Amino acid sequence: MDRERAAAAVIWNGMIIMTHKTSSIWTLPGGGIESGETREEAAVRETKEEAGIDVEVVRLLFRRPYSAGTEYCFLAVPVNNSRLKISDGWAVDDAGVPREVMWKDIKEVSNDLQVAAVLEVLSAAEYREFGIEDLLV
C-alpha cells in the first residue's frame, strides 16, 4: 500500500510542536493526504486538526518512506497570530479524539526520528531564526 502522509515542523524560540494520542510516542502533527488535497494543504489541515494552530507552509524539508508509504514533512510557521488553542496541554481533533499537544524543547527531542530529520535539513539561517543555533554542528 502506498499511502502518502504530510507532517509539519512548527518551530519557535527553540521549541517544536509535537503531539500524541494514546501511545507514548510523540510526533509532529501530520496524517494522511485526502483526495484532491495537495501535500502542503494536508500539512496545514493536519496541524490545525491536531494542534489547533493555523500555519503556512514555508518549504518541503524532506520526503522519506514510512511503513505504509511516503511521508512529506514541511517547515511551517504560525499565521494570523495563531496560538495553540489548548487547555492543560490537550486538544480535541476534528474526529473528537483527545490528543496531547506540547511545545517541546527541540534539544530534548533532537534524537526523535522526525525531529532529527528536520534538523538535518534546516539552513544555518533557519537555525538562527528559530533560536537553535547552538545545535549547529
# chains A, B, ... in the order shown; residues from 1 in each chain; ligands from 1
call {"tool": "select_by_dssp", "arguments": {"residues": "chain A", "states": "helix (DSSP H, G or I)", "output": "PyMOL selection string"}}
result
chain A and resi 39-51+113-121+124-129+133-135
call {"tool": "write_last_selection", "arguments": {"atoms": "N, CA and C atoms", "output": "short mmCIF file (atom, residue, chain, number, x, y, z; two decimals), in the first residue's frame"}}
result
data_model
loop_
_atom_site.label_atom_id
_atom_site.label_comp_id
_atom_site.auth_asym_id
_atom_site.auth_seq_id
_atom_site.Cartn_x
_atom_site.Cartn_y
_atom_site.Cartn_z
N ARG A 39 -0.14 18.08 -0.87
CA ARG A 39 0.63 17.69 0.32
C ARG A 39 0.71 18.86 1.30
N GLU A 40 0.92 20.06 0.76
CA GLU A 40 1.00 21.25 1.60
C GLU A 40 -0.32 21.52 2.32
N GLU A 41 -1.42 21.39 1.59
CA GLU A 41 -2.75 21.58 2.20
C GLU A 41 -2.98 20.57 3.32
N ALA A 42 -2.53 19.34 3.11
CA ALA A 42 -2.69 18.31 4.14
C ALA A 42 -1.89 18.67 5.39
N ALA A 43 -0.68 19.17 5.22
CA ALA A 43 0.15 19.55 6.38
C ALA A 43 -0.53 20.67 7.16
N VAL A 44 -1.10 21.65 6.47
CA VAL A 44 -1.80 22.76 7.11
C VAL A 44 -3.04 22.25 7.85
N ARG A 45 -3.83 21.41 7.18
CA ARG A 45 -5.06 20.88 7.78
C ARG A 45 -4.75 20.03 9.00
N GLU A 46 -3.80 19.13 8.87
CA GLU A 46 -3.46 18.24 9.98
C GLU A 46 -2.93 19.02 11.19
N THR A 47 -2.17 20.07 10.95
CA THR A 47 -1.67 20.88 12.05
C THR A 47 -2.82 21.58 12.77
N LYS A 48 -3.77 22.08 12.00
CA LYS A 48 -4.95 22.71 12.60
C LYS A 48 -5.75 21.68 13.40
N GLU A 49 -5.98 20.51 12.81
CA GLU A 49 -6.77 19.47 13.47
C GLU A 49 -6.10 18.96 14.74
N GLU A 50 -4.80 18.72 14.66
CA GLU A 50 -4.12 18.05 15.77
C GLU A 50 -3.56 18.99 16.83
N ALA A 51 -3.21 20.21 16.42
CA ALA A 51 -2.57 21.13 17.37
C ALA A 51 -3.37 22.41 17.59
N LEU A 113 13.15 10.55 15.51
CA LEU A 113 13.43 10.34 14.08
C LEU A 113 12.97 11.51 13.21
N GLN A 114 11.74 12.00 13.45
CA GLN A 114 11.24 13.12 12.64
C GLN A 114 12.02 14.40 12.92
N VAL A 115 12.23 14.70 14.20
CA VAL A 115 12.94 15.93 14.57
C VAL A 115 14.38 15.89 14.06
N ALA A 116 15.04 14.76 14.18
CA ALA A 116 16.41 14.64 13.68
C ALA A 116 16.46 14.89 12.18
N ALA A 117 15.47 14.38 11.46
CA ALA A 117 15.43 14.60 10.01
C ALA A 117 15.20 16.08 9.70
N VAL A 118 14.39 16.75 10.49
CA VAL A 118 14.17 18.20 10.32
C VAL A 118 15.47 18.95 10.55
N LEU A 119 16.14 18.65 11.65
CA LEU A 119 17.38 19.36 12.00
C LEU A 119 18.46 19.16 10.94
N GLU A 120 18.43 17.99 10.30
CA GLU A 120 19.42 17.67 9.28
C GLU A 120 19.33 18.58 8.06
N VAL A 121 18.14 19.11 7.77
CA VAL A 121 17.95 19.87 6.53
C VAL A 121 17.69 21.36 6.73
N ALA A 124 21.48 27.20 8.09
CA ALA A 124 22.07 27.93 9.20
C ALA A 124 21.21 29.15 9.55
N ALA A 125 20.66 29.81 8.55
CA ALA A 125 19.79 30.97 8.79
C ALA A 125 18.53 30.54 9.55
N GLU A 126 17.98 29.38 9.22
CA GLU A 126 16.79 28.88 9.93
C GLU A 126 17.14 28.51 11.37
N TYR A 127 18.31 27.92 11.59
CA TYR A 127 18.74 27.63 12.96
C TYR A 127 18.76 28.91 13.79
N ARG A 128 19.31 29.99 13.22
CA ARG A 128 19.35 31.28 13.93
C ARG A 128 17.95 31.84 14.12
N GLU A 129 17.14 31.80 13.07
CA GLU A 129 15.77 32.35 13.15
C GLU A 129 14.95 31.68 14.24
N GLU A 133 20.57 27.90 17.18
CA GLU A 133 21.89 27.91 16.56
C GLU A 133 22.93 27.11 17.33
N ASP A 134 22.72 26.92 18.63
CA ASP A 134 23.68 26.13 19.41
C ASP A 134 23.64 24.64 19.05
N LEU A 135 22.64 24.22 18.26
CA LEU A 135 22.58 22.82 17.81
C LEU A 135 23.33 22.61 16.49
#
call {"tool": "residues_around", "arguments": {"residues": "Tyr66 (chain A)", "least_positions_apart": "4", "cutoff": "10 Å", "atoms": "only C-alpha atoms", "output": "list in words"}}
result
Asp2, Arg3, Glu4, Arg5, Thr70, Glu71 and Tyr72 of chain A
call {"tool": "residues_around", "arguments": {"residues": "region 75-81 of chain A", "least_positions_apart": "4", "cutoff": "8 Å", "atoms": "only C-alpha atoms", "output": "PyMOL selection string"}}
result
chain A and resi 8-11+53-61
call {"tool": "closest_residue", "arguments": {"among": "A:Gly30, A:Gly36, A:Gly14, A:Gly69", "to": "Ile132 (chain A)", "atoms": "only C-alpha atoms"}}
result
A:Gly14
